[in-house]
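A.B. asks: Okay, so here is coords-v8.cif, and as you'll see once you scroll down, it has mmCIF, C-alpha atoms.
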data_model
loop_
_atom_site.group_PDB
_atom_site.id
_atom_site.type_symbol
_atom_site.label_atom_id
_atom_site.label_comp_id
_atom_site.auth_asym_id
_atom_site.auth_seq_id
_atom_site.Cartn_x
_atom_site.Cartn_y
_atom_site.Cartn_z
ATOM 1 C CA MET A 18 233.832 73.292 126.408
ATOM 2 C CA VAL A 19 232.775 73.206 122.736
ATOM 3 C CA GLN A 20 229.435 73.864 121.082
ATOM 4 C CA LEU A 21 228.042 71.245 118.720
ATOM 5 C CA ASP A 22 226.280 71.963 115.485
ATOM 6 C CA LYS A 23 222.588 71.025 115.682
ATOM 7 C CA THR A 24 222.962 68.660 112.716
ATOM 8 C CA THR A 25 224.720 65.401 113.521
ATOM 9 C CA PHE A 26 227.514 63.686 111.614
ATOM 10 C CA LYS A 27 225.600 60.721 110.206
ATOM 11 C CA ILE A 28 227.916 57.976 108.973
ATOM 12 C CA ASP A 29 227.605 54.307 108.105
ATOM 13 C CA LYS A 30 228.257 51.554 110.633
ATOM 14 C CA VAL A 31 231.506 50.394 109.014
ATOM 15 C CA ASN A 32 233.114 53.849 109.258
ATOM 16 C CA ALA A 33 231.772 54.456 112.768
ATOM 17 C CA LYS A 34 233.004 51.081 114.016
ATOM 18 C CA GLY A 35 236.423 51.698 112.448
ATOM 19 C CA MET A 36 236.648 55.139 114.057
ATOM 20 C CA ILE A 37 235.414 54.282 117.546
ATOM 21 C CA GLU A 38 236.380 50.638 118.147
ATOM 22 C CA GLY A 39 238.955 50.083 115.418
ATOM 23 C CA PHE A 40 240.068 46.821 113.839
ATOM 24 C CA LYS A 41 242.866 44.403 114.569
ATOM 25 C CA LYS A 42 245.910 44.336 112.303
ATOM 26 C CA GLU A 43 249.234 42.696 113.156
ATOM 27 C CA ASN A 44 248.148 42.297 116.801
ATOM 28 C CA LYS A 45 247.405 46.012 117.119
ATOM 29 C CA ILE A 46 244.084 47.858 117.268
ATOM 30 C CA ILE A 47 243.948 50.431 114.461
ATOM 31 C CA LYS A 48 241.343 53.208 114.478
ATOM 32 C CA THR A 49 240.478 55.014 111.279
ATOM 33 C CA SER A 50 240.175 58.780 110.936
ATOM 34 C CA ILE A 51 239.208 59.166 107.285
ATOM 35 C CA TRP A 52 235.951 60.311 105.756
ATOM 36 C CA THR A 53 235.481 60.790 102.022
ATOM 37 C CA ASP A 54 233.317 63.418 100.395
ATOM 38 C CA SER A 55 232.471 64.832 96.989
ATOM 39 C CA SER A 56 231.496 68.399 96.192
ATOM 40 C CA ALA A 57 228.956 67.183 93.641
ATOM 41 C CA ARG A 58 226.973 65.712 96.517
ATOM 42 C CA THR A 59 227.897 68.137 99.275
ATOM 43 C CA ARG A 60 227.999 71.673 97.939
ATOM 44 C CA ILE A 61 227.767 73.456 101.298
ATOM 45 C CA PRO A 62 230.601 72.776 103.759
ATOM 46 C CA LYS A 63 229.415 71.038 106.882
ATOM 47 C CA LYS A 64 229.896 72.736 110.238
ATOM 48 C CA PHE A 65 231.792 70.910 112.961
ATOM 49 C CA PRO A 66 232.059 69.707 115.689
ATOM 50 C CA ARG A 67 229.152 67.324 115.306
ATOM 51 C CA LEU A 68 227.720 64.468 117.305
ATOM 52 C CA ILE A 69 228.200 61.111 115.546
ATOM 53 C CA THR A 70 225.028 59.211 114.692
ATOM 54 C CA LEU A 71 224.583 56.162 112.485
ATOM 55 C CA ASN A 72 223.341 55.862 108.956
ATOM 56 C CA ASN A 73 221.724 52.426 109.139
ATOM 57 C CA THR A 74 221.149 51.974 105.418
ATOM 58 C CA ILE A 75 222.763 48.919 103.863
ATOM 59 C CA GLN A 76 225.438 49.887 101.354
ATOM 60 C CA LYS A 77 225.622 46.760 99.215
ATOM 61 C CA ALA A 78 227.114 48.723 96.340
ATOM 62 C CA TYR A 79 230.179 49.522 98.449
ATOM 63 C CA PRO A 80 231.249 46.340 100.242
ATOM 64 C CA PRO A 81 233.536 46.580 103.271
ATOM 65 C CA SER A 82 236.732 44.572 103.571
ATOM 66 C CA ASN A 83 236.965 41.520 105.798
ATOM 67 C CA VAL A 84 238.453 43.290 108.855
ATOM 68 C CA PHE A 85 234.944 43.024 110.351
ATOM 69 C CA ASN A 86 232.556 40.150 109.809
ATOM 70 C CA GLN A 87 228.939 40.851 108.937
ATOM 71 C CA TYR A 88 227.742 39.943 112.420
ATOM 72 C CA GLU A 89 230.043 42.582 113.945
ATOM 73 C CA ILE A 90 228.766 45.227 111.532
ATOM 74 C CA ASP A 91 225.088 44.311 111.958
ATOM 75 C CA ASN A 92 225.334 44.396 115.754
ATOM 76 C CA PHE A 93 227.465 47.500 116.104
ATOM 77 C CA ASN A 94 225.805 50.404 117.853
ATOM 78 C CA ILE A 95 227.202 53.476 119.531
ATOM 79 C CA GLN A 96 226.138 55.574 122.427
ATOM 80 C CA TYR A 97 225.637 59.198 121.483
ATOM 81 C CA LYS A 98 228.798 60.359 123.223
ATOM 82 C CA TYR A 99 231.289 60.780 120.364
ATOM 83 C CA ILE A 100 231.902 63.891 118.322
ATOM 84 C CA ALA A 101 233.871 64.590 115.157
ATOM 85 C CA THR A 102 235.940 67.639 114.272
ATOM 86 C CA VAL A 103 237.796 68.281 111.025
ATOM 87 C CA ASP A 104 241.582 68.294 111.273
ATOM 88 C CA SER A 105 242.409 68.709 107.576
ATOM 89 C CA THR A 106 241.013 68.241 104.080
ATOM 90 C CA TYR A 107 242.858 66.913 101.019
ATOM 91 C CA HIS A 108 241.569 67.309 97.470
ATOM 92 C CA ILE A 109 242.428 64.249 95.441
ATOM 93 C CA THR A 110 242.111 62.644 92.035
ATOM 94 C CA ASN A 111 239.916 59.537 92.134
ATOM 95 C CA ASN A 112 242.423 56.876 91.132
ATOM 96 C CA PRO A 113 242.269 53.105 91.822
ATOM 97 C CA LYS A 114 245.969 53.034 92.747
ATOM 98 C CA LEU A 115 245.384 55.636 95.462
ATOM 99 C CA TRP A 116 242.626 53.522 97.014
ATOM 100 C CA GLU A 117 244.686 50.325 96.738
ATOM 101 C CA LYS A 118 247.348 52.051 98.809
ATOM 102 C CA ILE A 119 245.057 53.659 101.395
ATOM 103 C CA CYS A 120 242.882 50.564 101.824
ATOM 104 C CA SER A 121 245.871 48.357 102.680
ATOM 105 C CA ASN A 122 248.276 50.526 104.725
ATOM 106 C CA SER A 123 246.002 50.779 107.818
ATOM 107 C CA LEU A 124 244.470 54.160 106.919
ATOM 108 C CA PHE A 125 241.222 52.844 105.428
ATOM 109 C CA ASP A 126 241.501 49.044 105.597
ATOM 110 C CA ILE A 127 237.827 48.808 106.522
ATOM 111 C CA TRP A 128 236.966 49.072 102.798
ATOM 112 C CA LEU A 129 237.949 47.137 99.713
ATOM 113 C CA PRO A 130 239.725 49.597 97.355
ATOM 114 C CA GLU A 131 236.871 49.492 94.842
ATOM 115 C CA ALA A 132 234.375 50.763 97.434
ATOM 116 C CA PRO A 133 235.640 54.383 97.742
ATOM 117 C CA PHE A 134 236.684 54.432 94.079
ATOM 118 C CA ASN A 135 233.221 53.306 92.881
ATOM 119 C CA ARG A 136 231.493 55.654 95.312
ATOM 120 C CA PHE A 137 233.179 58.567 93.549
ATOM 121 C CA CYS A 138 232.312 57.084 90.137
ATOM 122 C CA HIS A 139 228.626 57.042 91.062
ATOM 123 C CA PRO A 140 226.405 58.878 88.537
ATOM 124 C CA TYR A 141 225.926 61.879 90.873
ATOM 125 C CA CYS A 142 229.690 62.480 90.803
ATOM 126 C CA HIS A 143 230.436 64.059 87.450
ATOM 127 C CA GLN A 144 234.219 63.802 87.238
ATOM 128 C CA GLU A 145 234.622 67.183 85.565
ATOM 129 C CA GLU A 146 232.437 68.979 88.143
ATOM 130 C CA SER A 147 233.449 67.243 91.360
ATOM 131 C CA THR A 148 236.111 67.860 93.899
ATOM 132 C CA PHE A 149 236.924 64.637 95.678
ATOM 133 C CA ARG A 150 238.073 65.003 99.249
ATOM 134 C CA ILE A 151 239.643 62.917 101.937
ATOM 135 C CA VAL A 152 238.780 64.507 105.250
ATOM 136 C CA LEU A 153 240.954 63.698 108.252
ATOM 137 C CA LEU A 154 238.806 63.740 111.379
ATOM 138 C CA ARG A 155 239.520 63.899 115.092
ATOM 139 C CA ILE A 156 237.068 61.832 117.077
ATOM 140 C CA TYR A 157 236.517 62.596 120.743
ATOM 141 C CA GLU A 158 234.524 60.997 123.512
ATOM 142 C CA ILE A 159 232.557 63.613 125.448
ATOM 143 C CA ASN A 160 231.332 63.636 129.054
ATOM 144 C CA GLU A 161 227.727 64.293 128.081
ATOM 145 C CA TYR A 162 225.327 61.655 126.746
ATOM 146 C CA PHE A 163 222.508 62.180 124.283
ATOM 147 C CA ASN A 164 219.554 59.803 124.302
ATOM 148 C CA GLU A 165 217.467 58.388 121.446
ATOM 149 C CA GLN A 166 214.627 60.853 122.054
ATOM 150 C CA GLU A 167 216.989 63.795 121.498
ATOM 151 C CA ILE A 168 218.029 62.612 118.017
ATOM 152 C CA VAL A 169 215.368 63.350 115.411
ATOM 153 C CA LYS A 170 215.274 62.675 111.702
ATOM 154 C CA ALA A 171 215.613 65.933 109.801
ATOM 155 C CA GLY A 172 215.449 64.633 106.256
ATOM 156 C CA ARG A 173 216.735 61.709 104.282
ATOM 157 C CA TYR A 174 220.407 62.414 104.952
ATOM 158 C CA SER A 175 220.507 64.016 108.365
ATOM 159 C CA HIS A 176 219.641 63.881 112.044
ATOM 160 C CA LYS A 177 219.238 66.863 114.336
ATOM 161 C CA ILE A 178 219.693 67.200 118.058
ATOM 162 C CA LYS A 179 216.570 68.233 119.938
ATOM 163 C CA ARG A 180 218.285 69.926 122.884
ATOM 164 C CA GLU A 181 218.768 73.608 123.580
ATOM 165 C CA ASN A 182 222.162 73.439 125.274
ATOM 166 C CA LEU A 183 224.674 72.023 122.792
ATOM 167 C CA ASN A 184 227.753 72.793 124.886
ATOM 168 C CA VAL A 185 229.778 69.657 125.612
ATOM 169 C CA THR A 186 233.029 68.831 127.374
ATOM 170 C CA ILE A 187 235.666 66.674 125.716
ATOM 171 C CA LYS A 188 236.625 63.667 127.829
ATOM 172 C CA ARG A 189 239.401 62.209 125.664
ATOM 173 C CA PRO A 190 240.515 61.800 122.032
ATOM 174 C CA VAL A 191 239.735 58.363 120.609
ATOM 175 C CA ILE A 192 243.221 58.354 119.017
ATOM 176 C CA GLU A 193 246.021 59.722 121.177
ATOM 177 C CA GLU A 194 248.025 62.658 119.792
ATOM 178 C CA ALA A 195 251.236 60.801 118.869
ATOM 179 C CA GLU A 196 249.313 58.099 116.984
ATOM 180 C CA PHE A 197 247.151 60.694 115.271
ATOM 181 C CA GLN A 198 250.228 62.563 114.031
ATOM 182 C CA ARG A 199 251.601 59.261 112.666
ATOM 183 C CA VAL A 200 248.299 58.687 110.835
ATOM 184 C CA LYS A 201 248.353 62.231 109.426
ATOM 185 C CA SER A 202 251.926 61.820 108.146
ATOM 186 C CA LEU A 203 251.078 58.464 106.578
ATOM 187 C CA LEU A 204 248.047 59.971 104.848
ATOM 188 C CA LYS A 205 250.099 62.852 103.431
ATOM 189 C CA GLU A 206 252.739 60.424 102.144
ATOM 190 C CA SER A 207 250.079 58.138 100.649
ATOM 191 C CA ILE A 208 248.231 60.804 98.665
ATOM 192 C CA ILE A 209 251.167 62.940 97.497
ATOM 193 C CA ASP A 210 250.942 61.689 93.875
ATOM 194 C CA TYR A 211 247.164 62.080 93.750
ATOM 195 C CA GLN A 212 246.542 65.525 95.216
ATOM 196 C CA GLN A 213 244.880 68.275 93.207
#
Can you give me the file's structure in the form of structure tokens?
C.D. replies:
Amino acid sequence: MVQLDKTTFKIDKVNAKGMIEGFKKENKIIKTSIWTDSSARTRIPKKFPRLITLNNTIQKAYPPSNVFNQYEIDNFNIQYKYIATVDSTYHITNNPKLWEKICSNSLFDIWLPEAPFNRFCHPYCHQEESTFRIVLLRIYEINEYFNEQEIVKAGRYSHKIKRENLNVTIKRPVIEEAEFQRVKSLLKESIIDYQQ
């Protein structure tokens, strides 16, 4: 039994689809576990675990790769039965070579390399003030379901859960332990030259 934070983990459809359903590469389904963040935008650390909800805004400035077609992205929806916890956080230098590596070695293939790089070069991210982070997440399916009426908008960037009891039971990890450890090792190897 774990207790959720009242604020949900609101992420875009491409990331959510990559985390929950995965994408096909070399006849294997790969599920992503990465989330990127900048301290210039997020000054207060977020509390986890959190229920995953979707950010439905269109992010034309940061185009996804071709592992999903637009129809798949547009029609992707999730039931409110997945939660995210933070496994580890890595502070990195925003470098195009880092993203070329991570966006082609199965860690973050859902994006073209310029998408995460340009996101961190956005005007709100002042290079000298920001700490750029790759956050490795564990995604779990839970036994409980939340319905649409229990998810309320709490501002431009967040949703909140309108339910008193936020205790949930984990049903299963979306990525099994052995595969997750492989992903974690690959991430550490991939970022070693770009860590701060």
A.B. asks: Identify the residues around (230.4, 72.2, 124.7) within a radius of 8 Å, measuring from all atoms listed in the file in the coordinates stated by the file, and give them as an mmCIF file with C-alpha atoms, in the coordinates of the input.
C.D. replies:
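Below you can see selection-v9.cif, which holds the result:
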data_model
loop_
_atom_site.group_PDB
_atom_site.id
_atom_site.type_symbol
_atom_site.label_atom_id
_atom_site.label_comp_id
_atom_site.auth_asym_id
_atom_site.auth_seq_id
_atom_site.Cartn_x
_atom_site.Cartn_y
_atom_site.Cartn_z
ATOM 1 C CA MET A 18 233.832 73.292 126.408
ATOM 2 C CA VAL A 19 232.775 73.206 122.736
ATOM 3 C CA GLN A 20 229.435 73.864 121.082
ATOM 4 C CA LEU A 21 228.042 71.245 118.720
ATOM 5 C CA LEU A 183 224.674 72.023 122.792
ATOM 6 C CA ASN A 184 227.753 72.793 124.886
ATOM 7 C CA VAL A 185 229.778 69.657 125.612
ATOM 8 C CA THR A 186 233.029 68.831 127.374
ATOM 9 C CA ILE A 187 235.666 66.674 125.716
#
A.B. asks: Rank A:Val152, A:Ile192, A:Thr24, A:Lys30 by their smallest atom-to-atom distance to Glu89 in chain A, using only C-alpha atoms, and report the top residue only.
C.D. replies: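 Among A:Val152, A:Ile192, A:Thr24, A:Lys30, it is A:Lys30 that comes nearest to Glu89 in chain A.
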A.B. asks: Take the PyMOL selection byres ((chain A and resi 170) around 12), apply it to the structure above, and return the hits as an NGL selection string.
C.D. replies: :A and (23-25 or 27 or 70-72 or 165-169 or 171-179)
A.B. asks: Would you list the contacts of Leu124 in chain A as an MDAnalysis selection string, taking every protein, DNA or RNA residue within 10 Å and counting only C-alpha atoms, but skipping same-chain residues closer than 5 positions in sequence?
C.D. replies: chainID A and resid 47:51 118:119 200:201 203:204 207
A.B. asks: Could you please take those selected residues and save C-alpha atoms as a tab-separated table (two decimals), keeping the file's coordinate frame?
C.D. replies:
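Writing the result to part-v4.tsv gives the following:
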chain	number	residue	atom	x	y	z
A	47	ILE	CA	243.95	50.43	114.46
A	48	LYS	CA	241.34	53.21	114.48
A	49	THR	CA	240.48	55.01	111.28
A	50	SER	CA	240.18	58.78	110.94
A	51	ILE	CA	239.21	59.17	107.28
A	118	LYS	CA	247.35	52.05	98.81
A	119	ILE	CA	245.06	53.66	101.40
A	200	VAL	CA	248.30	58.69	110.84
A	201	LYS	CA	248.35	62.23	109.43
A	203	LEU	CA	251.08	58.46	106.58
A	204	LEU	CA	248.05	59.97	104.85
A	207	SER	CA	250.08	58.14	100.65
A.B. asks: Leaving out Ile156 in chain A and any residue of its chain fewer than 6 positions from it, which residues lie within 6 Å of it when counting all atoms listed in the file, given as a list in words?
C.D. replies: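 Listed by chain and then number, they are Ile100, Ala101 and Val191 of chain A.
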A.B. asks: If you count all atoms listed in the file, which residues fall within 10 Å of Asp91 in chain A, apart from same-chain ones fewer than 2 positions away, as a list in words?
C.D. replies: Lys30, Val31, Asn73, Ile75, Asn86, Gln87, Tyr88, Glu89, Phe93 and Asn94 of chain A
A.B. asks: Any chance you could resolve the PyMOL selection byres ((chain A and resi 108-112) around 7) against this file and give the residues as a ChimeraX atom specification?
C.D. replies: /A:106-107,113-116,134,137,148-151,211-213
A.B. asks: Rank A:Ile37, A:Leu153, A:Ile28, A:Ala132 by their smallest atom-to-atom distance to Cys120 in chain A, using all atoms listed in the file, and report the top residue only.
C.D. replies: A:Ala132
A.B. asks: Which is closer to Val84 in chain A than all the others in A:Asn164, A:Asn182, A:Gln96, A:Ser123, using all atoms listed in the file?
C.D. replies: A:Ser123
A.B. asks: Would you mind reading off the distance between CA of Phe26 in chain A and CA of Tyr162 in chain A, one decimal, in Å?
C.D. replies: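 Value for the CA of Phe26 in chain A-CA of Tyr162 in chain A distance: 15.4 Å.
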A.B. asks: Measure the distance from CA of Ile159 in chain A to CA of Phe85 in chain A in Å and round it to one decimal.
C.D. replies: 25.6 Å
A.B. asks: Pick the closest to Ser55 in chain A from A:Gly39, A:Asn83, A:Cys138, A:Asp104: which is it, counting only C-alpha atoms?
C.D. replies: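 The closest residue to Ser55 in chain A is A:Cys138.
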A.B. asks: Between CA of Leu154 in chain A and CA of Val103 in chain A, what is the distance in Å, rounded to a tenth?
C.D. replies: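 That distance, rounded to one decimal, is 4.7 Å.
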A.B. asks: Measuring atom to atom with only C-alpha atoms, identify which of A:Arg136, A:Trp52, A:Asn92, A:Tyr97 is nearest to Asn32 in chain A.
C.D. replies: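 So, comparing all the options, the nearest one is A:Trp52.
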A.B. asks: Between A:Glu161, A:Asp54, A:Glu181, A:Glu206, which has the minimum distance to Asn122 in chain A (counting all atoms listed in the file)?
C.D. replies: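 That would be A:Glu206, the residue with the smallest distance to Asn122 in chain A.
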A.B. asks: Starting from 5 Å padding per side, set up an axis-aligned box that covers all listed atoms of range 184-201 of chain A and hand over centre and edge lengths in Å, one decimal, as lines of an AutoDock Vina configuration file.
C.D. replies:
center_x = 239.7
center_y = 65.4
center_z = 118.6
size_x = 33.8
size_y = 24.7
size_z = 28.4
